[in-house]
Amino acid sequence: QVQLVESGGGLVQAGGSLRLSCAASGRTVSSYAMGWFRQAPGKEREFVAAVSYSGGSTYYADSVKGRFTISRDNAKNTGYLQMNSLKPEDTAVYSCAAARTLYSGSVRVYQHEYEYWGQGTQVTVSS
């Protein structure tokens, strides 16, 4: 069993930055791909970014490409999402997820592929 806890959310002005963390416990996630998803009020949860368990492969939604960076530190059992140039439309609850994979370079972009989820952290971007 893997427990995921997000932190680092908050209120920021447009153009600002935040760094989200996803701390894993219960089992090492070094063989798990990790991803970030977000859900804005009244909208479906959507994919944001994913990273392979090696950290060598990443994938981003078009809406965040060039502004967000996903990374991980397997020694700390933690994943990160660095968010720069934030826009009001980035306002959402951000959740991290973990998916066991066989291949070190595999990423996962679909929600149903993820086995474990955190509770989420609120990110609010004011205009």
# chains A, B, ... in the order shown; residues from 1 in each chain; ligands from 1
$ residues_around --residues "stretch 46-57 of chain A" --least-positions-apart "6" --cutoff "6 Å" --atoms "only C-alpha atoms" --output "ChimeraX atom specification"
/A:30-38,104-107
$ select_by_dssp --residues "chain A" --states "strand (DSSP E or B)" --output "number ranges by chain"
A: 3-7, 10-13, 18-25, 32-39, 46-51, 58-60, 68-73, 78-83, 92-100, 116-117, 121-126
$ closest_residue --among "A:Ala40, A:Val29, A:Leu81, A:Val125" --to "A:Thr101" --atoms "only C-alpha atoms"
A:Val29
$ atom_distance --atom1 "atom CA of A:Gly26" --atom2 "atom CA of A:Gly8"
21.0 Å
$ residues_around --residues "A:Ala23" --least-positions-apart "4" --cutoff "7 Å" --atoms "only C-alpha atoms" --output "PyMOL selection string"
chain A and resi 4-6+77-79
$ write_last_selection --atoms "all heavy atoms" --output "PDB file, in the first residue's frame"
ATOM      1  N   LEU A   4       0.042   8.777  -0.362  1.00  0.00           N
ATOM      2  CA  LEU A   4       0.594   9.967  -0.990  1.00  0.00           C
ATOM      3  C   LEU A   4       0.005  11.212  -0.327  1.00  0.00           C
ATOM      4  O   LEU A   4      -1.209  11.296  -0.144  1.00  0.00           O
ATOM      5  CB  LEU A   4       0.261   9.990  -2.486  1.00  0.00           C
ATOM      6  CG  LEU A   4       0.730   8.793  -3.305  1.00  0.00           C
ATOM      7  CD1 LEU A   4       0.177   8.870  -4.720  1.00  0.00           C
ATOM      8  CD2 LEU A   4       2.248   8.732  -3.339  1.00  0.00           C
ATOM      9  N   VAL A   5       0.875  12.148   0.007  1.00  0.00           N
ATOM     10  CA  VAL A   5       0.427  13.389   0.634  1.00  0.00           C
ATOM     11  C   VAL A   5       1.037  14.568  -0.110  1.00  0.00           C
ATOM     12  O   VAL A   5       2.266  14.692  -0.195  1.00  0.00           O
ATOM     13  CB  VAL A   5       0.831  13.442   2.121  1.00  0.00           C
ATOM     14  CG1 VAL A   5       0.400  14.784   2.728  1.00  0.00           C
ATOM     15  CG2 VAL A   5       0.199  12.285   2.889  1.00  0.00           C
ATOM     16  N   GLU A   6       0.166  15.427  -0.625  1.00  0.00           N
ATOM     17  CA  GLU A   6       0.617  16.609  -1.339  1.00  0.00           C
ATOM     18  C   GLU A   6       0.769  17.788  -0.390  1.00  0.00           C
ATOM     19  O   GLU A   6       0.069  17.874   0.625  1.00  0.00           O
ATOM     20  CB  GLU A   6      -0.378  17.007  -2.441  1.00  0.00           C
ATOM     21  CG  GLU A   6      -0.662  15.948  -3.475  1.00  0.00           C
ATOM     22  CD  GLU A   6      -1.866  15.094  -3.107  1.00  0.00           C
ATOM     23  OE1 GLU A   6      -2.235  15.046  -1.917  1.00  0.00           O
ATOM     24  OE2 GLU A   6      -2.440  14.471  -4.017  1.00  0.00           O
ATOM     25  N   ASN A  77      11.752   9.558  -1.767  1.00  0.00           N
ATOM     26  CA  ASN A  77      10.398   9.033  -1.999  1.00  0.00           C
ATOM     27  C   ASN A  77       9.398  10.155  -2.228  1.00  0.00           C
ATOM     28  O   ASN A  77       8.249  10.119  -1.730  1.00  0.00           O
ATOM     29  CB  ASN A  77       9.946   8.175  -0.812  1.00  0.00           C
ATOM     30  CG  ASN A  77       9.427   6.823  -1.222  1.00  0.00           C
ATOM     31  OD1 ASN A  77       9.751   6.317  -2.292  1.00  0.00           O
ATOM     32  ND2 ASN A  77       8.616   6.223  -0.370  1.00  0.00           N
ATOM     33  N   THR A  78       9.805  11.145  -3.003  1.00  0.00           N
ATOM     34  CA  THR A  78       9.004  12.353  -3.184  1.00  0.00           C
ATOM     35  C   THR A  78       9.003  12.782  -4.638  1.00  0.00           C
ATOM     36  O   THR A  78      10.033  12.706  -5.308  1.00  0.00           O
ATOM     37  CB  THR A  78       9.549  13.498  -2.298  1.00  0.00           C
ATOM     38  OG1 THR A  78       9.516  13.094  -0.928  1.00  0.00           O
ATOM     39  CG2 THR A  78       8.715  14.765  -2.469  1.00  0.00           C
ATOM     40  N   GLY A  79       7.830  13.243  -5.080  1.00  0.00           N
ATOM     41  CA  GLY A  79       7.701  13.831  -6.397  1.00  0.00           C
ATOM     42  C   GLY A  79       7.422  15.312  -6.282  1.00  0.00           C
ATOM     43  O   GLY A  79       6.971  15.790  -5.230  1.00  0.00           O
TER      44      GLY A  79
END
$ residues_around --residues "stretch 12-20 of chain A" --least-positions-apart "6" --cutoff "9 Å" --atoms "only C-alpha atoms" --output "ChimeraX atom specification"
/A:6,79-88,94,121,123-127
$ write_last_selection --atoms "all heavy atoms" --output "compact mmCIF listing (two decimals), in the first residue's frame"
# COMPACT_ATOMS: atom_id res chain seq x y z
N GLU A 6 0.17 15.43 -0.62
CA GLU A 6 0.62 16.61 -1.34
C GLU A 6 0.77 17.79 -0.39
O GLU A 6 0.07 17.87 0.63
CB GLU A 6 -0.38 17.01 -2.44
CG GLU A 6 -0.66 15.95 -3.48
CD GLU A 6 -1.87 15.09 -3.11
OE1 GLU A 6 -2.24 15.05 -1.92
OE2 GLU A 6 -2.44 14.47 -4.02
N GLY A 79 7.83 13.24 -5.08
CA GLY A 79 7.70 13.83 -6.40
C GLY A 79 7.42 15.31 -6.28
O GLY A 79 6.97 15.79 -5.23
N TYR A 80 7.69 16.04 -7.37
CA TYR A 80 7.53 17.49 -7.34
C TYR A 80 6.86 17.98 -8.61
O TYR A 80 6.96 17.37 -9.67
CB TYR A 80 8.90 18.18 -7.22
CG TYR A 80 9.71 17.73 -6.03
CD1 TYR A 80 10.69 16.75 -6.16
CD2 TYR A 80 9.49 18.28 -4.77
CE1 TYR A 80 11.42 16.33 -5.07
CE2 TYR A 80 10.23 17.87 -3.67
CZ TYR A 80 11.19 16.89 -3.83
OH TYR A 80 11.91 16.48 -2.74
N LEU A 81 6.20 19.12 -8.48
CA LEU A 81 5.69 19.83 -9.65
C LEU A 81 6.02 21.30 -9.47
O LEU A 81 5.43 21.97 -8.62
CB LEU A 81 4.17 19.64 -9.79
CG LEU A 81 3.57 20.25 -11.06
CD1 LEU A 81 4.06 19.50 -12.30
CD2 LEU A 81 2.04 20.23 -11.00
N GLN A 82 6.97 21.78 -10.24
CA GLN A 82 7.34 23.19 -10.23
C GLN A 82 6.45 23.91 -11.22
O GLN A 82 6.43 23.57 -12.40
CB GLN A 82 8.80 23.37 -10.61
CG GLN A 82 9.24 24.82 -10.70
CD GLN A 82 9.25 25.51 -9.34
OE1 GLN A 82 9.72 24.94 -8.35
NE2 GLN A 82 8.74 26.74 -9.30
N MET A 83 5.72 24.90 -10.74
CA MET A 83 4.77 25.62 -11.57
C MET A 83 5.19 27.08 -11.66
O MET A 83 5.22 27.79 -10.64
CB MET A 83 3.36 25.51 -10.99
CG MET A 83 2.91 24.08 -10.74
SD MET A 83 1.20 23.95 -10.21
CE MET A 83 1.30 24.77 -8.64
N ASN A 84 5.51 27.52 -12.85
CA ASN A 84 5.93 28.90 -13.10
C ASN A 84 4.93 29.59 -14.01
O ASN A 84 4.12 28.93 -14.69
CB ASN A 84 7.31 28.93 -13.74
CG ASN A 84 8.39 28.33 -12.86
OD1 ASN A 84 8.31 28.39 -11.64
ND2 ASN A 84 9.40 27.74 -13.47
N SER A 85 4.99 30.90 -14.06
CA SER A 85 4.11 31.69 -14.93
C SER A 85 2.66 31.27 -14.77
O SER A 85 1.94 31.05 -15.75
CB SER A 85 4.55 31.54 -16.39
OG SER A 85 5.88 31.94 -16.56
N LEU A 86 2.24 31.18 -13.54
CA LEU A 86 0.89 30.69 -13.26
C LEU A 86 -0.17 31.65 -13.79
O LEU A 86 0.01 32.87 -13.79
CB LEU A 86 0.72 30.47 -11.76
CG LEU A 86 1.36 29.17 -11.24
CD1 LEU A 86 1.56 29.23 -9.74
CD2 LEU A 86 0.52 27.97 -11.63
N LYS A 87 -1.27 31.05 -14.21
CA LYS A 87 -2.40 31.79 -14.77
C LYS A 87 -3.64 31.50 -13.93
O LYS A 87 -3.74 30.44 -13.30
CB LYS A 87 -2.65 31.34 -16.21
CG LYS A 87 -1.45 31.44 -17.13
CD LYS A 87 -1.78 30.86 -18.50
CE LYS A 87 -0.58 30.93 -19.44
NZ LYS A 87 -0.89 30.36 -20.76
N PRO A 88 -4.61 32.40 -13.95
CA PRO A 88 -5.85 32.13 -13.20
C PRO A 88 -6.49 30.80 -13.58
O PRO A 88 -7.08 30.12 -12.73
CB PRO A 88 -6.73 33.31 -13.57
CG PRO A 88 -5.77 34.43 -13.82
CD PRO A 88 -4.59 33.77 -14.49
N TYR A 94 -4.87 20.13 -6.97
CA TYR A 94 -3.86 19.32 -7.64
C TYR A 94 -3.60 18.06 -6.83
O TYR A 94 -3.34 18.13 -5.62
CB TYR A 94 -2.56 20.11 -7.78
CG TYR A 94 -2.62 21.14 -8.87
CD1 TYR A 94 -3.39 22.29 -8.73
CD2 TYR A 94 -1.91 20.99 -10.06
CE1 TYR A 94 -3.46 23.23 -9.74
CE2 TYR A 94 -1.96 21.93 -11.07
CZ TYR A 94 -2.75 23.04 -10.90
OH TYR A 94 -2.81 23.98 -11.91
N THR A 121 -4.09 19.19 -3.08
CA THR A 121 -3.75 20.47 -2.48
C THR A 121 -4.30 21.59 -3.37
O THR A 121 -4.21 21.51 -4.59
CB THR A 121 -2.22 20.59 -2.28
OG1 THR A 121 -1.92 21.81 -1.59
CG2 THR A 121 -1.46 20.57 -3.60
N VAL A 123 -4.59 25.00 -5.27
CA VAL A 123 -3.79 26.07 -5.88
C VAL A 123 -4.76 27.11 -6.41
O VAL A 123 -5.66 26.78 -7.19
CB VAL A 123 -2.90 25.53 -7.01
CG1 VAL A 123 -2.26 26.68 -7.77
CG2 VAL A 123 -1.85 24.58 -6.46
N THR A 124 -4.59 28.35 -5.95
CA THR A 124 -5.44 29.44 -6.40
C THR A 124 -4.57 30.54 -6.97
O THR A 124 -3.67 31.03 -6.29
CB THR A 124 -6.29 29.99 -5.24
OG1 THR A 124 -7.07 28.93 -4.67
CG2 THR A 124 -7.22 31.09 -5.74
N VAL A 125 -4.86 30.91 -8.20
CA VAL A 125 -4.09 31.96 -8.87
C VAL A 125 -5.00 33.15 -9.09
O VAL A 125 -6.02 33.05 -9.78
CB VAL A 125 -3.52 31.46 -10.21
CG1 VAL A 125 -2.63 32.53 -10.83
CG2 VAL A 125 -2.74 30.17 -10.01
N SER A 126 -4.64 34.27 -8.50
CA SER A 126 -5.46 35.48 -8.63
C SER A 126 -4.97 36.32 -9.80
O SER A 126 -3.78 36.35 -10.10
CB SER A 126 -5.41 36.29 -7.34
OG SER A 126 -4.09 36.73 -7.08
N SER A 127 -5.91 37.02 -10.41
CA SER A 127 -5.56 37.86 -11.58
C SER A 127 -5.16 39.25 -11.17
O SER A 127 -5.31 39.64 -10.01
CB SER A 127 -6.73 37.90 -12.54
OG SER A 127 -7.88 38.40 -11.88
$ closest_residue --among "A:Gln39, A:Ser7, A:Thr69, A:Gln119" --to "A:Val93" --atoms "only C-alpha atoms"
A:Gln39
$ atom_distance --atom1 "atom CA of A:Glu115" --atom2 "atom CA of A:Arg45"
15.6 Å
$ select_by_dssp --residues "chain A" --states "helix (DSSP H, G or I)" --output "PyMOL selection string"
chain A and resi 88-90+111-113
$ write_last_selection --atoms "C-alpha atoms" --output "compact mmCIF listing (two decimals), in the first residue's frame"
# COMPACT_ATOMS: atom_id res chain seq x y z
CA PRO A 88 -5.85 32.13 -13.20
CA GLU A 89 -6.96 29.14 -15.26
CA ASP A 90 -4.44 27.01 -13.37
CA GLN A 111 -6.29 8.34 -14.61
CA HIS A 112 -7.36 4.71 -14.72
CA GLU A 113 -3.71 3.66 -14.99
$ closest_residue --among "A:Lys76, A:Arg108, A:Thr58, A:Ala92" --to "A:Gly9" --atoms "only C-alpha atoms"
A:Ala92
$ closest_residue --among "A:Ser71, A:Ala97, A:Asp62, A:Pro41" --to "A:Gln3" --atoms "only C-alpha atoms"
A:Ala97
$ closest_residue --among "A:Thr91, A:Ser63, A:Ile70, A:Arg27" --to "A:Gly42" --atoms "only C-alpha atoms"
A:Thr91
$ closest_residue --among "A:Leu11, A:Ala75, A:Ala61, A:Leu102" --to "A:Ala24" --atoms "only C-alpha atoms"
A:Ala75
$ atom_distance --atom1 "atom CA of A:Tyr114" --atom2 "atom CA of A:Cys96"
9.6 Å
